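> The structure that follows is given in the form of structure tokens.
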Amino acid sequence: MQDRQQTGGGGSTVSRRAFLQGSGAAVAATAVATGATEVVAEANKPARLKSAKAQKVVLTVNGKEHTLMIEPRVTLLEALRNDLNLTGAKEVSNVSNDGADTVIIDGKAVYASTRLAIEVEGKNITTVEGLSEGKNVDEVITAFVKHDATQCGYCTPGFVVAVRAFLDKNPGANLEQIHKGLGGNLCRCGTYAGVTAAAVELCKKGGA
Ligand code: FES
């Protein structure tokens, strides 16, 4: 078959065969590089992540240590809900983009379904259950009730935790910062106005 010349807009010419040969070499080089990277990554994995067997994992949740026997594939959300019976954090979708599973890990709001339980050993985890004790409830919860920031309630625990984590870092935030800071949580019932009003009130009080 004739090896036709292709002309680019800039006037340079390249043969189709030469181009395909070059592409093949590039793909092969990429495959080799990727394979090598995977081998290195596998070698660097902690020994505990190489075994699929259930193993001891100690989680510090709401100030208490819990020793679990779980497989490395278990997510933090699964461990909280299935092993510790802390069902405040919810699973809504399997792509972790709604925030109903928000918890605080070492001061940062995190989707619990995006972390393996084994990864967060030794870190301080706070769930919505940790924001109340008897009649002592976090100001965020009080503000949510006052501003009617809940309807079906499915997203609410995640929102409460996200607001608490946000206020701890941004106690005097303005409206724009609040909208941006809480952008990782979704509510199908549309309670955004109430959630925002609660956060605004708490920011006026210095994060309460
Ligand atoms: S209150 Fe129903 S999803 Fe938010």
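Ligands are numbered from 1 in the order shown, chains are lettered A, B, ... in the order of the structure tokens, and residues start at 1 in each chain.
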Write as number ranges by chain the residues around ligand 1, taking 6 Å as the cut-off and counting only C-alpha atoms and all ligand atoms.
A: 150-156, 187-189, 191
> Within 10 Å of stretch 55-68 of chain A, which residues of stretch 79-197 of chain A show up? Give each one with its shortest atom-to-atom distance in Å (one decimal) and the two atoms involved, counting only C-alpha atoms, rows by chain then rising residue number, as JSON lines.

```
{"residue": "A:Ala79", "atom": "CA", "partner": "A:Leu68", "partner_atom": "CA", "distance": 8.4}
{"residue": "A:Leu80", "atom": "CA", "partner": "A:Val61", "partner_atom": "CA", "distance": 8.7}
{"residue": "A:Asp83", "atom": "CA", "partner": "A:Leu68", "partner_atom": "CA", "distance": 7.5}
{"residue": "A:Leu84", "atom": "CA", "partner": "A:His66", "partner_atom": "CA", "distance": 8.1}
{"residue": "A:Leu86", "atom": "CA", "partner": "A:Val61", "partner_atom": "CA", "distance": 9.7}
{"residue": "A:Ile104", "atom": "CA", "partner": "A:Asn62", "partner_atom": "CA", "distance": 9.7}
{"residue": "A:Ile105", "atom": "CA", "partner": "A:Val61", "partner_atom": "CA", "distance": 9.3}
{"residue": "A:Ala117", "atom": "CA", "partner": "A:Val57", "partner_atom": "CA", "distance": 7.6}
{"residue": "A:Ile118", "atom": "CA", "partner": "A:Val57", "partner_atom": "CA", "distance": 6.1}
{"residue": "A:Glu119", "atom": "CA", "partner": "A:Val57", "partner_atom": "CA", "distance": 9.3}
{"residue": "A:Val120", "atom": "CA", "partner": "A:Leu59", "partner_atom": "CA", "distance": 7.2}
{"residue": "A:Glu121", "atom": "CA", "partner": "A:Leu59", "partner_atom": "CA", "distance": 5.3}
{"residue": "A:Gly122", "atom": "CA", "partner": "A:Leu59", "partner_atom": "CA", "distance": 6.6}
{"residue": "A:Lys123", "atom": "CA", "partner": "A:Thr60", "partner_atom": "CA", "distance": 6.5}
{"residue": "A:Asn124", "atom": "CA", "partner": "A:Thr60", "partner_atom": "CA", "distance": 5.5}
{"residue": "A:Ile125", "atom": "CA", "partner": "A:Val61", "partner_atom": "CA", "distance": 4.7}
{"residue": "A:Thr126", "atom": "CA", "partner": "A:Asn62", "partner_atom": "CA", "distance": 4.9}
{"residue": "A:Thr127", "atom": "CA", "partner": "A:Asn62", "partner_atom": "CA", "distance": 6.7}
{"residue": "A:Val128", "atom": "CA", "partner": "A:Asn62", "partner_atom": "CA", "distance": 9.0}
{"residue": "A:Glu129", "atom": "CA", "partner": "A:Asn62", "partner_atom": "CA", "distance": 7.7}
{"residue": "A:Gly130", "atom": "CA", "partner": "A:Asn62", "partner_atom": "CA", "distance": 5.0}
{"residue": "A:Leu131", "atom": "CA", "partner": "A:Asn62", "partner_atom": "CA", "distance": 8.4}
```
> Pick out each residue of stretch 17-198 of chain A that DSSP on the backbone tags as strand (DSSP E); I need them as number ranges by chain.
A: 55-61, 64-70, 102-105, 108-111, 124-126, 132-133, 136-137
> Could you write out the selected residues, including C-alpha atoms, as an mmCIF file, in the first residue's frame?

```
data_model
loop_
_atom_site.group_PDB
_atom_site.id
_atom_site.type_symbol
_atom_site.label_atom_id
_atom_site.label_comp_id
_atom_site.auth_asym_id
_atom_site.auth_seq_id
_atom_site.Cartn_x
_atom_site.Cartn_y
_atom_site.Cartn_z
ATOM 1 C CA GLN A 55 -7.217 -7.623 60.584
ATOM 2 C CA LYS A 56 -7.149 -5.487 63.699
ATOM 3 C CA VAL A 57 -7.887 -1.822 63.093
ATOM 4 C CA VAL A 58 -8.160 0.685 65.931
ATOM 5 C CA LEU A 59 -10.343 3.704 65.195
ATOM 6 C CA THR A 60 -10.645 6.752 67.420
ATOM 7 C CA VAL A 61 -14.199 7.972 67.012
ATOM 8 C CA LYS A 64 -13.180 6.752 72.121
ATOM 9 C CA GLU A 65 -10.959 3.987 70.782
ATOM 10 C CA HIS A 66 -12.640 1.053 69.060
ATOM 11 C CA THR A 67 -10.815 -2.127 68.080
ATOM 12 C CA LEU A 68 -12.310 -3.796 65.016
ATOM 13 C CA MET A 69 -11.494 -6.900 62.988
ATOM 14 C CA ILE A 70 -12.169 -5.798 59.437
ATOM 15 C CA THR A 102 -19.357 13.831 55.938
ATOM 16 C CA VAL A 103 -17.280 13.299 59.080
ATOM 17 C CA ILE A 104 -14.427 15.310 60.561
ATOM 18 C CA ILE A 105 -10.972 13.746 60.430
ATOM 19 C CA LYS A 108 -11.079 18.456 58.227
ATOM 20 C CA ALA A 109 -14.467 17.653 56.666
ATOM 21 C CA VAL A 110 -14.099 14.396 54.712
ATOM 22 C CA TYR A 111 -16.502 12.054 52.900
ATOM 23 C CA ASN A 124 -9.347 11.716 65.398
ATOM 24 C CA ILE A 125 -12.692 11.073 63.772
ATOM 25 C CA THR A 126 -15.816 13.006 64.718
ATOM 26 C CA SER A 132 -24.217 15.949 71.178
ATOM 27 C CA GLU A 133 -24.237 14.343 74.572
ATOM 28 C CA ASN A 136 -25.722 19.178 75.485
ATOM 29 C CA VAL A 137 -25.895 19.697 71.768
#
```
> Hey, what's within 9 Å of A:Glu91 if we count only C-alpha atoms and toss same-chain stuff fewer than 3 positions away? As a ChimeraX atom specification, please?
/A:77,94,96,98-101,113
> Just want the 9 Å neighbourhood of A:Gly184, counted on only C-alpha atoms, with same-chain residues fewer than 2 positions away dropped. Output as an mmCIF file with all heavy atoms, in the first residue's frame.

```cif
data_model
loop_
_atom_site.group_PDB
_atom_site.id
_atom_site.type_symbol
_atom_site.label_atom_id
_atom_site.label_comp_id
_atom_site.auth_asym_id
_atom_site.auth_seq_id
_atom_site.Cartn_x
_atom_site.Cartn_y
_atom_site.Cartn_z
ATOM 1 N N ASN A 97 -20.436 12.064 46.134
ATOM 2 C CA ASN A 97 -20.397 13.481 45.768
ATOM 3 C C ASN A 97 -21.519 14.281 46.409
ATOM 4 O O ASN A 97 -21.801 15.393 45.996
ATOM 5 C CB ASN A 97 -20.446 13.655 44.240
ATOM 6 C CG ASN A 97 -21.738 13.118 43.661
ATOM 7 O OD1 ASN A 97 -22.589 12.618 44.403
ATOM 8 N ND2 ASN A 97 -21.888 13.216 42.360
ATOM 9 N N ASP A 98 -22.149 13.705 47.431
ATOM 10 C CA ASP A 98 -23.314 14.388 47.995
ATOM 11 C C ASP A 98 -23.071 14.921 49.401
ATOM 12 O O ASP A 98 -23.787 15.792 49.859
ATOM 13 C CB ASP A 98 -24.495 13.426 48.033
ATOM 14 C CG ASP A 98 -24.079 12.090 48.620
ATOM 15 O OD1 ASP A 98 -23.947 12.016 49.843
ATOM 16 O OD2 ASP A 98 -23.858 11.125 47.863
ATOM 17 N N GLY A 99 -22.069 14.396 50.089
ATOM 18 C CA GLY A 99 -21.730 14.919 51.414
ATOM 19 C C GLY A 99 -22.550 14.375 52.566
ATOM 20 O O GLY A 99 -22.323 14.759 53.715
ATOM 21 N N ALA A 162 -20.495 19.186 58.344
ATOM 22 C CA ALA A 162 -19.761 20.075 57.433
ATOM 23 C C ALA A 162 -19.761 21.510 57.953
ATOM 24 O O ALA A 162 -18.743 22.214 57.884
ATOM 25 C CB ALA A 162 -20.389 20.015 56.043
ATOM 26 N N LYS A 180 -19.422 28.874 49.458
ATOM 27 C CA LYS A 180 -18.297 28.126 48.897
ATOM 28 C C LYS A 180 -17.897 26.976 49.829
ATOM 29 O O LYS A 180 -17.678 25.845 49.402
ATOM 30 C CB LYS A 180 -17.107 29.082 48.719
ATOM 31 C CG LYS A 180 -16.328 28.827 47.443
ATOM 32 C CD LYS A 180 -15.178 29.759 47.346
ATOM 33 C CE LYS A 180 -15.389 30.718 46.175
ATOM 34 N NZ LYS A 180 -14.275 31.650 46.051
ATOM 35 N N GLY A 181 -17.833 27.273 51.112
ATOM 36 C CA GLY A 181 -17.373 26.288 52.093
ATOM 37 C C GLY A 181 -18.299 25.100 52.239
ATOM 38 O O GLY A 181 -17.869 24.003 52.580
ATOM 39 N N LEU A 182 -19.593 25.301 51.971
ATOM 40 C CA LEU A 182 -20.550 24.205 52.131
ATOM 41 C C LEU A 182 -20.956 23.607 50.780
ATOM 42 O O LEU A 182 -21.922 22.843 50.686
ATOM 43 C CB LEU A 182 -21.795 24.704 52.880
ATOM 44 C CG LEU A 182 -21.522 25.248 54.282
ATOM 45 C CD1 LEU A 182 -22.797 25.736 54.937
ATOM 46 C CD2 LEU A 182 -20.844 24.183 55.159
ATOM 47 N N LEU A 186 -24.983 18.278 49.306
ATOM 48 C CA LEU A 186 -26.194 18.466 48.505
ATOM 49 C C LEU A 186 -27.439 18.079 49.307
ATOM 50 O O LEU A 186 -27.369 17.197 50.166
ATOM 51 C CB LEU A 186 -26.132 17.602 47.244
ATOM 52 C CG LEU A 186 -24.936 17.842 46.315
ATOM 53 C CD1 LEU A 186 -24.975 16.866 45.153
ATOM 54 C CD2 LEU A 186 -24.923 19.277 45.813
#
```
> Atom CA of A:Ala52 and atom CA of A:Val92, how far apart in Å?
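Those two atoms sit 26.1 Å apart.
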> For A:Gly172, which of A:Ala54, A:Ala112, A:Ala198, A:Cys203 is the closest residue, counting only C-alpha atoms?
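Going through A:Ala54, A:Ala112, A:Ala198, A:Cys203 one by one, the smallest distance to A:Gly172 is for A:Cys203.
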> Under the rule that only C-alpha atoms are counted, which of A:Asp148, A:Arg115, A:Ile141, A:Ser51 is the nearest residue to A:Gly190?
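Closest residue, counting only C-alpha atoms: A:Asp148.
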> Would you return as number ranges by chain the members of stretch 15-192 of chain A that DSSP assigns to alpha helix (DSSP H) on this structure's backbone?
A: 16-44, 76-78, 139-146, 156-169, 175-181, 192
> To one decimal place in Å, what is the distance between atom CA of A:Val140 and atom CA of A:Lys205?
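Calculated distance between atom CA of A:Val140 and atom CA of A:Lys205 is 11.6 Å.
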